[in-house]
Structures are given as C-alpha cells and as structure tokens.
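Text of input.csv (CSV, C-alpha atoms) as supplied:
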chain,number,residue,atom,x,y,z
A,246,GLU,CA,9.3,4.0,-31.3
A,247,MET,CA,7.3,3.8,-28.0
A,248,LYS,CA,9.2,6.7,-26.5
A,249,ASN,CA,8.6,8.8,-29.5
A,250,TRP,CA,4.9,8.0,-29.5
A,251,LEU,CA,4.5,8.8,-25.8
A,252,LYS,CA,6.3,12.1,-26.3
A,253,SER,CA,3.9,13.0,-29.0
A,254,VAL,CA,0.8,12.4,-26.9
A,255,GLN,CA,1.9,13.4,-23.4
A,256,ILE,CA,0.3,16.6,-22.0
A,257,SER,CA,2.8,18.5,-19.9
A,258,CYS,CA,2.1,19.3,-16.3
A,259,PRO,CA,1.6,23.0,-15.3
A,260,LYS,CA,4.7,25.0,-14.5
A,261,LYS,CA,4.0,24.3,-10.8
A,262,GLY,CA,4.0,20.6,-11.4
A,263,CYS,CA,1.1,18.1,-11.7
A,264,GLN,CA,-1.4,18.9,-9.0
A,265,ASN,CA,-3.7,15.9,-9.2
A,266,ALA,CA,-3.9,12.3,-10.5
A,267,GLU,CA,-5.5,13.3,-13.8
A,268,GLN,CA,-2.8,15.8,-14.8
A,269,MET,CA,-0.1,13.3,-13.8
A,270,ALA,CA,-1.6,10.4,-15.8
A,271,LYS,CA,-2.0,12.6,-18.9
A,272,SER,CA,1.5,13.9,-18.6
A,273,ARG,CA,2.8,10.3,-18.7
A,274,VAL,CA,0.5,8.5,-21.3
A,275,GLY,CA,-1.7,11.2,-22.9
A,276,GLU,CA,-5.5,11.5,-23.2
A,277,GLU,CA,-6.3,8.2,-25.0
A,278,LEU,CA,-4.6,5.9,-22.6
A,279,TYR,CA,-5.7,8.0,-19.7
A,280,GLU,CA,-9.3,7.3,-20.6
A,281,ALA,CA,-8.7,3.6,-21.5
A,282,ILE,CA,-6.7,2.7,-18.4
A,283,PHE,CA,-6.8,5.3,-15.6
A,284,HIS,CA,-10.0,7.3,-15.6
A,285,GLN,CA,-12.7,4.7,-14.8
A,286,TYR,CA,-10.4,2.5,-12.8
A,287,THR,CA,-9.6,5.3,-10.5
A,288,ILE,CA,-13.2,6.1,-9.9
A,289,LYS,CA,-13.9,2.4,-9.1
A,290,GLN,CA,-11.0,2.2,-6.7
A,291,TRP,CA,-11.4,5.5,-4.9
A,292,ALA,CA,-15.0,6.7,-5.6
A,293,LYS,CA,-13.5,10.0,-6.7
A,294,GLU,CA,-12.5,11.6,-10.0
A,295,PRO,CA,-8.7,11.5,-10.6
A,296,LYS,CA,-8.6,15.3,-10.4
A,297,GLU,CA,-9.7,15.0,-6.7
A,298,LEU,CA,-6.7,12.8,-5.8
A,299,ASP,CA,-3.0,13.4,-5.3
A,300,ALA,CA,-0.8,13.1,-8.3
A,301,LEU,CA,1.1,10.3,-6.8
A,302,VAL,CA,-1.9,8.0,-7.2
A,303,THR,CA,-1.2,7.7,-11.0
A,304,ALA,CA,2.5,8.4,-10.7
A,305,ARG,CA,3.0,5.1,-8.8
A,306,ILE,CA,1.8,3.0,-11.8
A,307,PRO,CA,4.9,1.6,-13.6
A,308,LEU,CA,5.4,3.1,-17.1
A,309,ARG,CA,8.2,1.3,-19.0
A,310,THR,CA,9.6,1.4,-22.5
A,311,ASN,CA,11.5,-1.9,-22.1
A,312,PHE,CA,10.4,-5.5,-22.2
A,313,ASP,CA,10.2,-6.1,-18.5
A,314,ASN,CA,6.6,-7.4,-18.0
A,315,ARG,CA,6.8,-7.5,-14.2
A,316,TYR,CA,4.6,-5.1,-12.2
A,317,PHE,CA,7.4,-3.8,-10.0
A,318,GLY,CA,10.7,-2.4,-11.0
A,319,ASP,CA,12.8,-3.9,-8.3
A,320,ARG,CA,15.7,-6.0,-9.5
A,321,TYR,CA,15.0,-8.8,-7.0
A,322,GLN,CA,11.4,-9.8,-6.4
A,323,ALA,CA,10.2,-12.7,-4.3
A,324,LEU,CA,7.4,-14.1,-2.1
A,325,PRO,CA,7.9,-16.3,1.1
A,326,SER,CA,8.4,-19.8,-0.3
A,327,LYS,CA,5.4,-21.1,1.5
A,328,GLY,CA,3.3,-18.0,1.4
A,329,TYR,CA,2.6,-15.2,3.9
A,330,THR,CA,0.3,-17.3,6.1
A,331,ALA,CA,3.1,-19.8,6.9
A,332,TRP,CA,5.5,-16.9,7.3
A,333,PHE,CA,3.3,-15.2,9.9
A,334,ASP,CA,2.7,-18.5,11.6
A,335,ALA,CA,6.4,-18.9,12.1
A,336,LEU,CA,6.8,-15.4,13.3
A,337,LEU,CA,4.2,-15.9,16.0
A,338,ASP,CA,5.3,-19.4,17.0
A,339,ASN,CA,7.1,-18.3,20.2
A,340,PRO,CA,6.2,-19.0,23.8
A,341,LEU,CA,6.7,-15.3,24.6
A,342,ILE,CA,4.0,-14.3,22.1
A,343,ASP,CA,0.3,-14.5,22.9
A,344,VAL,CA,-2.2,-13.9,20.1
A,345,ALA,CA,-5.7,-12.7,21.0
A,346,LEU,CA,-8.1,-12.8,18.0
A,347,SER,CA,-11.4,-11.0,17.8
A,348,THR,CA,-10.3,-8.6,20.5
A,349,ASN,CA,-10.6,-4.8,20.2
A,350,TYR,CA,-7.6,-3.0,21.7
A,351,PHE,CA,-9.9,-0.1,22.6
A,352,ASP,CA,-12.1,-2.3,24.7
A,353,HIS,CA,-9.1,-3.0,26.9
A,354,LYS,CA,-7.1,0.1,26.4
A,355,ALA,CA,-7.0,1.4,30.0
A,356,HIS,CA,-5.7,-2.0,31.3
A,357,LEU,CA,-3.2,-2.6,28.5
A,358,ASP,CA,-1.8,0.9,28.7
A,359,LYS,CA,-0.9,0.2,32.4
A,360,VAL,CA,0.6,-3.2,32.0
A,361,CYS,CA,2.4,-3.0,28.7
A,362,LYS,CA,5.9,-1.7,28.8
A,363,LYS,CA,5.8,-0.9,25.1
A,364,LEU,CA,2.9,-0.5,22.8
A,365,ILE,CA,3.3,-0.9,19.0
A,366,TYR,CA,0.1,0.4,17.4
A,367,THR,CA,-0.7,-0.6,13.9
A,368,GLY,CA,-4.4,0.5,13.7
A,369,PRO,CA,-5.9,3.7,12.2
A,370,ILE,CA,-4.2,6.7,13.7
A,371,ASP,CA,-7.4,8.7,13.9
A,372,ARG,CA,-9.0,6.0,16.0
A,373,PHE,CA,-6.2,6.1,18.5
A,374,PHE,CA,-6.7,9.8,18.9
A,375,GLY,CA,-10.4,9.6,18.7
A,376,ASP,CA,-10.9,12.0,21.6
A,377,SER,CA,-8.9,14.8,19.9
A,378,GLY,CA,-11.9,16.0,18.0
A,379,LEU,CA,-9.9,16.4,14.8
A,380,GLY,CA,-12.3,14.3,12.7
A,381,LYS,CA,-12.0,11.1,10.7
A,382,LEU,CA,-9.6,10.3,7.9
A,383,GLU,CA,-10.9,8.6,4.8
A,384,TYR,CA,-10.1,5.0,4.0
A,385,ARG,CA,-11.1,2.5,1.3
A,386,SER,CA,-12.0,-1.1,2.0
A,387,ILE,CA,-12.4,-4.1,-0.2
A,388,ASP,CA,-15.0,-6.9,-0.6
A,389,PHE,CA,-13.2,-10.1,-1.6
A,390,VAL,CA,-15.6,-12.4,-3.5
A,391,GLU,CA,-14.3,-16.0,-3.9
A,392,GLU,CA,-15.1,-18.2,-6.9
A,393,ARG,CA,-14.0,-21.9,-7.0
A,394,TYR,CA,-13.4,-23.8,-10.2
A,395,PHE,CA,-12.9,-27.6,-10.2
A,396,ASN,CA,-10.9,-29.5,-12.8
A,397,SER,CA,-10.4,-26.3,-14.7
A,398,GLY,CA,-6.6,-25.8,-14.6
A,399,PHE,CA,-5.8,-22.1,-14.7
A,400,MET,CA,-8.6,-19.5,-15.4
A,401,GLN,CA,-6.2,-16.5,-16.0
A,402,PRO,CA,-3.0,-16.1,-17.9
A,403,MET,CA,-1.5,-14.1,-15.0
A,404,PRO,CA,-1.9,-14.0,-11.2
A,405,VAL,CA,-3.6,-10.6,-11.4
A,406,VAL,CA,-5.8,-9.2,-14.1
A,407,ASN,CA,-7.1,-5.6,-13.7
A,408,TYR,CA,-10.3,-4.4,-15.2
A,409,PRO,CA,-10.1,-0.6,-15.8
A,410,GLY,CA,-13.5,-0.2,-17.5
A,411,ASN,CA,-16.8,0.5,-15.9
A,412,ASP,CA,-18.5,-2.5,-17.6
A,413,VAL,CA,-17.8,-4.5,-14.4
A,414,GLN,CA,-17.8,-3.3,-10.8
A,415,PHE,CA,-14.7,-5.2,-9.5
A,416,THR,CA,-11.3,-3.7,-9.9
A,417,ARG,CA,-9.2,-6.8,-10.4
A,418,VAL,CA,-9.3,-10.6,-10.2
A,419,VAL,CA,-6.5,-12.6,-8.5
A,420,GLU,CA,-5.7,-16.2,-9.1
A,421,TYR,CA,-3.4,-17.1,-6.2
A,422,LYS,CA,-2.4,-20.5,-7.6
A,423,HIS,CA,0.0,-18.7,-10.0
A,424,PHE,CA,2.1,-17.1,-7.2
A,425,LEU,CA,3.8,-20.2,-5.7
A,426,ASN,CA,3.4,-22.4,-8.8
A,427,GLN,CA,1.0,-24.6,-7.0
A,428,LYS,CA,0.1,-27.9,-8.7
A,429,SER,CA,-3.7,-28.6,-8.6
A,430,PRO,CA,-6.4,-29.3,-11.2
A,431,HIS,CA,-8.6,-26.9,-9.3
A,432,THR,CA,-8.3,-23.1,-8.8
A,433,ILE,CA,-9.7,-20.2,-6.9
A,434,LEU,CA,-10.4,-16.7,-8.2
A,435,VAL,CA,-10.9,-13.7,-5.9
A,436,LYS,CA,-12.7,-10.6,-7.3
A,437,GLU,CA,-12.0,-7.4,-5.5
A,438,PHE,CA,-14.7,-4.7,-5.1
A,439,SER,CA,-13.6,-1.4,-3.6
A,440,LYS,CA,-15.9,0.2,-1.0
A,441,SER,CA,-16.0,3.0,1.6
A,442,THR,CA,-17.1,0.9,4.6
A,443,GLY,CA,-15.6,-2.1,6.3
A,444,ASP,CA,-12.0,-2.8,7.5
A,445,PRO,CA,-9.7,0.0,6.3
A,446,TYR,CA,-7.1,-1.0,3.7
A,447,TYR,CA,-6.2,2.1,1.7
A,448,PRO,CA,-5.6,5.7,2.9
A,449,VAL,CA,-7.3,8.1,0.5
A,450,PRO,CA,-4.5,10.3,-0.9
A,451,ASN,CA,-5.6,13.9,-1.3
A,452,GLU,CA,-4.7,17.2,0.2
A,453,LYS,CA,-7.6,17.3,2.6
A,454,ASN,CA,-6.7,14.0,4.2
A,455,GLN,CA,-3.0,14.8,4.2
A,456,LYS,CA,-3.5,18.0,6.1
A,457,LEU,CA,-5.6,16.2,8.7
A,458,TYR,CA,-3.1,13.4,9.0
A,459,ASP,CA,-0.3,16.0,9.6
A,460,LYS,CA,-2.3,17.0,12.7
A,461,TYR,CA,-2.5,13.4,13.8
A,462,LYS,CA,1.2,12.9,13.1
A,463,LYS,CA,2.0,15.8,15.4
A,464,LEU,CA,-0.1,14.1,18.2
A,465,ALA,CA,1.7,10.8,17.5
A,466,THR,CA,5.1,12.4,17.7
A,467,GLU,CA,4.2,14.0,21.0
A,468,ALA,CA,2.8,10.7,22.3
A,469,GLU,CA,6.0,8.9,21.3
A,470,ALA,CA,8.1,11.5,23.1
A,471,SER,CA,5.9,11.5,26.2
A,472,LYS,CA,6.9,9.3,29.2
A,473,ALA,CA,3.2,8.7,30.0
A,474,LEU,CA,3.0,5.8,27.5
A,475,ASP,CA,5.8,4.2,25.6
A,476,VAL,CA,3.8,4.0,22.3
A,477,HIS,CA,5.1,3.6,18.7
A,478,PHE,CA,3.1,3.9,15.5
A,479,VAL,CA,3.9,1.6,12.6
A,480,GLY,CA,2.3,0.4,9.4
A,481,ARG,CA,0.0,1.6,6.7
A,482,LEU,CA,-2.9,2.7,8.9
A,483,ALA,CA,-0.9,4.2,11.7
A,484,ASN,CA,1.3,6.2,9.2
A,485,TYR,CA,-1.7,6.9,6.9
A,486,LYS,CA,0.6,5.9,4.0
A,487,TYR,CA,0.4,3.3,1.2
A,488,PHE,CA,3.0,0.6,1.9
A,489,ASN,CA,3.7,-2.5,-0.1
A,490,MET,CA,4.9,-5.5,1.7
A,491,ASP,CA,8.6,-4.8,1.2
A,492,ALA,CA,8.2,-1.3,2.5
A,493,THR,CA,6.0,-2.6,5.4
A,494,ILE,CA,8.6,-5.0,6.5
A,495,GLU,CA,11.4,-2.4,6.3
A,496,ASN,CA,9.2,0.1,8.2
A,497,ALA,CA,8.8,-2.5,11.0
A,498,LEU,CA,12.4,-3.5,11.1
A,499,ASN,CA,13.6,0.2,11.2
A,500,MET,CA,11.2,0.9,14.1
A,501,PHE,CA,12.5,-2.1,16.0
A,502,HIS,CA,16.1,-1.1,15.4
A,503,ASP,CA,15.3,2.4,16.7
A,504,ILE,CA,13.3,1.5,19.8
A,505,ALA,CA,15.7,-1.4,20.7
A,506,GLY,CA,18.6,1.0,20.8
A,507,HIS,CA,20.2,0.2,17.4
A,508,PRO,CA,21.5,-3.3,18.2
A,509,GLU,CA,23.9,-5.0,15.9
A,510,MET,CA,22.0,-7.1,13.4
A,511,ARG,CA,24.5,-9.3,11.7
A,512,ASP,CA,22.0,-11.3,9.8
A,513,MET,CA,20.9,-8.1,7.9
A,514,PRO,CA,24.1,-6.4,6.9
A,515,GLY,CA,22.7,-4.7,3.9
A,516,LEU,CA,19.9,-3.0,5.9
A,517,PHE,CA,21.5,-1.7,9.2
A,518,ASP,CA,25.2,-1.6,8.9
A,519,LYS,CA,27.2,1.6,8.0
A,520,GLY,CA,27.3,0.6,4.3
A,521,ALA,CA,23.6,0.0,4.0
A,522,SER,CA,22.1,1.3,0.8
A,523,LYS,CA,18.7,2.9,0.9
A,524,LYS,CA,18.2,3.4,-2.9
A,525,ASN,CA,17.6,0.8,-5.6
A,526,THR,CA,18.8,2.2,-8.9
A,527,ALA,CA,18.3,-0.9,-10.9
A,528,TYR,CA,15.3,0.4,-12.7
A,529,ASP,CA,15.3,4.2,-12.8
A,530,ASP,CA,12.7,4.2,-15.6
A,531,SER,CA,10.0,2.8,-13.3
A,532,ILE,CA,8.3,4.2,-10.2
A,533,SER,CA,7.9,2.5,-6.8
A,534,ASP,CA,4.4,1.2,-6.0
A,535,SER,CA,4.6,2.5,-2.4
A,536,PHE,CA,4.1,6.2,-2.1
A,537,ASP,CA,4.5,9.0,0.4
A,538,ILE,CA,2.5,12.2,0.0
A,539,PRO,CA,4.6,15.3,0.7
A,540,SER,CA,2.7,18.3,2.1
A,541,GLY,CA,3.1,22.0,2.4
A,542,PRO,CA,3.2,25.0,-0.1
A,543,ASN,CA,6.4,23.9,-1.8
A,544,ARG,CA,5.4,20.3,-2.7
A,545,LYS,CA,6.0,19.7,-6.4
A,546,LEU,CA,5.9,16.6,-8.6
Please go through the file and, once you have read it, give me the structure as structure tokens.
Amino acid sequence: EMKNWLKSVQISCPKKGCQNAEQMAKSRVGEELYEAIFHQYTIKQWAKEPKELDALVTARIPLRTNFDNRYFGDRYQALPSKGYTAWFDALLDNPLIDVALSTNYFDHKAHLDKVCKKLIYTGPIDRFFGDSGLGKLEYRSIDFVEERYFNSGFMQPMPVVNYPGNDVQFTRVVEYKHFLNQKSPHTILVKEFSKSTGDPYYPVPNEKNQKLYDKYKKLATEAEASKALDVHFVGRLANYKYFNMDATIENALNMFHDIAGHPEMRDMPGLFDKGASKKNTAYDDSISDSFDIPSGPNRKL
C-alpha cells in the first residue's frame, strides 16, 4: 500500500537525473511530504533552498517501506559500550602519544613540519592551503544548547527528535541518556542550532563548493606525492566530505593501512584481508547516511 501511494505522488527526475536536493526529494516522496519534512528543515540546516544544494543531500535520508524504525540501514549497528569519550580516552592512553589542547597547528606549522616524520592532517583543507589564493570553502557549524531536567525521567520517546518546521529555530533535540540505556532520574537535552560561523562541522554540498574542493584535492594529491613533507589528509574536513562515524573510522584505518605499507592486520580480517567485503547488501532499500559528491559533466543520480 505504501509503495503504491509513493508511486502515485512521486515526481520523476528530469531525463538527465535529479540535479538538486528539491528534485531528488520530490522524486522520492512527492510534493506534500517534501513540504512537510524536507523544505524548511533543509533551509534551517544549510541556510539555502534545497534547489541550491546537491541532490545527495536529500537522497541520503532513509526511505523505507518496511517496519525497520532505525535511522540507518546497516544490519549491525552499535556504539562503544562506554561511549565515544571513553573510547578516545583509551585510544590516547599511550606513552607514545602527547595531546596538546587549545593549540593551533598553524601557529607552530614551520616547526612541526620540520620535526614530524609524518603529518596526518584532519582540519579544513582550504585552511591548509590558505596561501594558494583559491578561496574559502563553505561549512556549517552548530550551537549546542544544553537543558538539564531533574527527577524527570525521559523527556523524549527517542534519542533524537527532528523538527522539520520553521516554528522553532533548532533542527533537532538529542537526549543522550537513551543511547547507552543509562539509569538516572535526571536527564539532559541538547538542542542543535545550525549556523554559518564557528567550528566547521558540515561541508556544504553544492556544485560550486565541489569544483573548488577538486582544486584543493589536486593540491593535496601533489602534497602527498611530494617528498618535501610527508603529509596525509584524512577525515570529514580534510576530504570535504560528509562522513558518519563508521565511515570516519574506516577512512582512518584505510589510510593507516596504506601509509604503513599494508601490514597484516589479523584482528580485522573482514576489512583488510583478500576476502574483505566493501559492500553491505543487507538493506538495499535504504541509502547510506554518508555521501560522496561526484563531479564532472557526466555525473548523474
């Protein structure tokens, strides 16, 4: 029944494929749900009309006709058992690792470039090549506004509740207590307000930014091939690409595997051995939340 209804309201993409996020959303859910769910939410998140953004912005939202109520379509989904903070604490708990907080790499770049045998750069790629004169890439940031409630149990039925309408300025509210099934009479809500200034979180996916990133990508490739500085670019900001945590971790592991000379990694047989699978086909009716923007005249969605 749902499939038939969707088929009756979907607005087909042009023959060349959906060229922007508005066309993509309407091709999947039609006009009514586009206005109810996608239109205003996209404006709040990106400060742009959906037609100004790449089609993959709305293609990445899962659309299902089954009863799987999880956000992602992966068969196996999990969080670190004690949360990401404890996970990173364990990663950094090594005598060979020094952590310097509140320190800007660019304030010490000349010295670090001389003494570091390898440099793994995870910051904005346009900042690294700031002297190139190519211009700035666009990013979106977030204001996290915390609200504490005492002796209130849970305030939300789910960990994350999105607010697609323009009646409120925040995009979503997260109640973290849900994630690890924490036992407490108190709770914390975090409201997220998207903004254009502040720490960069999200690359802005449109053709203008992608073309500019392609130029930075060329500089990064040349820098990685140069013997002047053994530098490697990894992560969301350095790749100007939206990564979820699973893709972020895999991106980092793949880079380590490459720059370390492809060592044998017996504890990860499914990722790096000859039989490693790169595709999850468990839910072919859903779309991954991480996306990569193809570029060039032949791109089609």
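Minimum atom-to-atom distances from A:Ile282, A:Met269, A:Val274, A:Ile433 to Val254 (chain A) were compared using all atoms listed in the file, and the lowest value belongs to A:Val274.
With all atoms listed in the file as the atoms that count, the residue of A:Thr310, A:Gln268, A:Thr367, A:Ser441 with the shortest distance to Trp250 (chain A) is A:Thr310.
Using only C-alpha atoms for every distance, the candidate list A:Gln285, A:Asn339, A:Gln255, A:Asn484 yields A:Asn484 as the residue closest to Ile370 (chain A).
Between CA of Lys453 (chain A) and CA of Ser386 (chain A) there is a distance of 18.9 Å.
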Handout entry: Who sits within 10 Å of Thr442 (chain A), all atoms listed in the file, same chain under 2 positions skipped, as a ChimeraX atom specification
Key = /A:383-388,439-440,444-445
Problem - Which of A:Leu379, A:Lys422, A:Leu474, A:Gln290 sits closest to Lys456 (chain A) [using all atoms listed in the file] - result: A:Leu379
Each side padded by 5 Å, which centre and which edge lengths in Å (one decimal) define the axis-aligned box around the listed atoms of region 476-484 of chain A? Give them as lines of an AutoDock Vina configuration file.
center_x = 1.1
center_y = 3.3
center_z = 14.5
size_x = 18.0
size_y = 15.8
size_z = 25.6
Practice task
Counting only C-alpha atoms, figure out which residue out of A:Val435, A:Val390, A:Cys263, A:Leu346 gets nearest to Pro404 (chain A).
Solution key: A:Val435
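Closest to Arg273 (chain A) among A:Leu464, A:Leu298, A:Leu308, A:Ala483 is A:Leu308, based on all atoms listed in the file.
Between CA of Val449 (chain A) and CA of Ala270 (chain A) there is a distance of 17.4 Å.
Residues surrounding region 352-365 of chain A within 6 Å are A:Asp475, A:Val476, A:His477, A:Phe478 [only C-alpha atoms; sequence separation below 5 positions excluded].
When CA of Asn314 (chain A) is paired with CA of Ala331 (chain A), their separation reads 28.0 Å.
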Export region 374-386 of chain A of the preceding structure, keeping all heavy atoms, as a short mmCIF file (atom, residue, chain, number, x, y, z; two decimals), in the first residue's frame.
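Result saved to decode-v5.cif:
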data_model
loop_
_atom_site.label_atom_id
_atom_site.label_comp_id
_atom_site.auth_asym_id
_atom_site.auth_seq_id
_atom_site.Cartn_x
_atom_site.Cartn_y
_atom_site.Cartn_z
N PHE A 374 45.84 24.94 2.72
CA PHE A 374 46.37 25.58 1.51
C PHE A 374 45.91 27.03 1.41
O PHE A 374 45.56 27.52 0.34
CB PHE A 374 45.93 24.79 0.27
CG PHE A 374 46.48 23.39 0.21
CD1 PHE A 374 45.66 22.31 0.46
CD2 PHE A 374 47.81 23.16 -0.09
CE1 PHE A 374 46.17 21.00 0.39
CE2 PHE A 374 48.33 21.88 -0.15
CZ PHE A 374 47.50 20.79 0.09
N GLY A 375 45.91 27.70 2.55
CA GLY A 375 45.41 29.07 2.60
C GLY A 375 46.19 30.04 1.74
O GLY A 375 45.65 31.08 1.33
N ASP A 376 47.45 29.72 1.47
CA ASP A 376 48.26 30.63 0.65
C ASP A 376 48.06 30.42 -0.84
O ASP A 376 48.68 31.11 -1.66
CB ASP A 376 49.75 30.43 0.98
CG ASP A 376 50.08 30.84 2.41
OD1 ASP A 376 49.34 31.67 2.97
OD2 ASP A 376 51.06 30.32 2.97
N SER A 377 47.21 29.48 -1.21
CA SER A 377 47.03 29.17 -2.63
C SER A 377 46.21 30.22 -3.37
O SER A 377 46.28 30.32 -4.59
CB SER A 377 46.33 27.81 -2.78
OG SER A 377 45.01 27.86 -2.27
N GLY A 378 45.41 30.99 -2.63
CA GLY A 378 44.58 32.02 -3.26
C GLY A 378 43.33 31.47 -3.92
O GLY A 378 42.64 32.19 -4.66
N LEU A 379 42.99 30.22 -3.64
CA LEU A 379 41.82 29.62 -4.29
C LEU A 379 40.50 30.08 -3.68
O LEU A 379 39.45 29.97 -4.30
CB LEU A 379 41.92 28.09 -4.20
CG LEU A 379 43.02 27.42 -5.03
CD1 LEU A 379 43.04 25.92 -4.76
CD2 LEU A 379 42.80 27.69 -6.51
N GLY A 380 40.53 30.55 -2.45
CA GLY A 380 39.29 30.98 -1.81
C GLY A 380 38.83 29.98 -0.76
O GLY A 380 39.37 28.89 -0.62
N LYS A 381 37.77 30.35 -0.02
CA LYS A 381 37.28 29.55 1.10
C LYS A 381 36.15 28.62 0.67
O LYS A 381 35.29 29.00 -0.12
CB LYS A 381 36.80 30.44 2.23
CG LYS A 381 37.92 31.15 2.97
CD LYS A 381 37.37 31.97 4.13
CE LYS A 381 36.69 31.15 5.18
NZ LYS A 381 37.62 30.21 5.84
N LEU A 382 36.17 27.43 1.21
CA LEU A 382 35.05 26.51 1.09
C LEU A 382 34.00 26.87 2.14
O LEU A 382 34.32 27.44 3.18
CB LEU A 382 35.52 25.07 1.30
CG LEU A 382 36.40 24.47 0.20
CD1 LEU A 382 37.13 23.24 0.72
CD2 LEU A 382 35.57 24.13 -1.03
N GLU A 383 32.76 26.51 1.88
CA GLU A 383 31.68 26.77 2.83
C GLU A 383 31.54 25.61 3.81
O GLU A 383 31.63 24.44 3.43
CB GLU A 383 30.35 26.94 2.09
CG GLU A 383 30.19 28.24 1.35
CD GLU A 383 28.80 28.35 0.75
OE1 GLU A 383 28.59 27.80 -0.35
OE2 GLU A 383 27.93 28.99 1.38
N TYR A 384 31.28 25.96 5.06
CA TYR A 384 30.99 24.97 6.09
C TYR A 384 29.81 25.45 6.91
O TYR A 384 29.52 26.64 6.98
CB TYR A 384 32.19 24.78 7.03
CG TYR A 384 33.46 24.33 6.37
CD1 TYR A 384 34.40 25.26 5.90
CD2 TYR A 384 33.75 22.97 6.23
CE1 TYR A 384 35.58 24.83 5.31
CE2 TYR A 384 34.93 22.55 5.63
CZ TYR A 384 35.84 23.49 5.17
OH TYR A 384 37.00 23.07 4.58
N ARG A 385 29.13 24.52 7.55
CA ARG A 385 28.11 24.86 8.53
C ARG A 385 28.58 24.42 9.91
O ARG A 385 29.27 23.40 10.05
CB ARG A 385 26.77 24.17 8.21
CG ARG A 385 26.17 24.63 6.90
CD ARG A 385 25.69 26.06 6.98
NE ARG A 385 24.47 26.20 7.77
CZ ARG A 385 23.96 27.37 8.11
NH1 ARG A 385 24.55 28.50 7.78
NH2 ARG A 385 22.84 27.43 8.81
N SER A 386 28.22 25.19 10.90
CA SER A 386 28.58 24.88 12.28
C SER A 386 27.30 24.69 13.09
O SER A 386 26.19 24.81 12.57
CB SER A 386 29.43 26.00 12.87
OG SER A 386 29.91 25.64 14.15
#
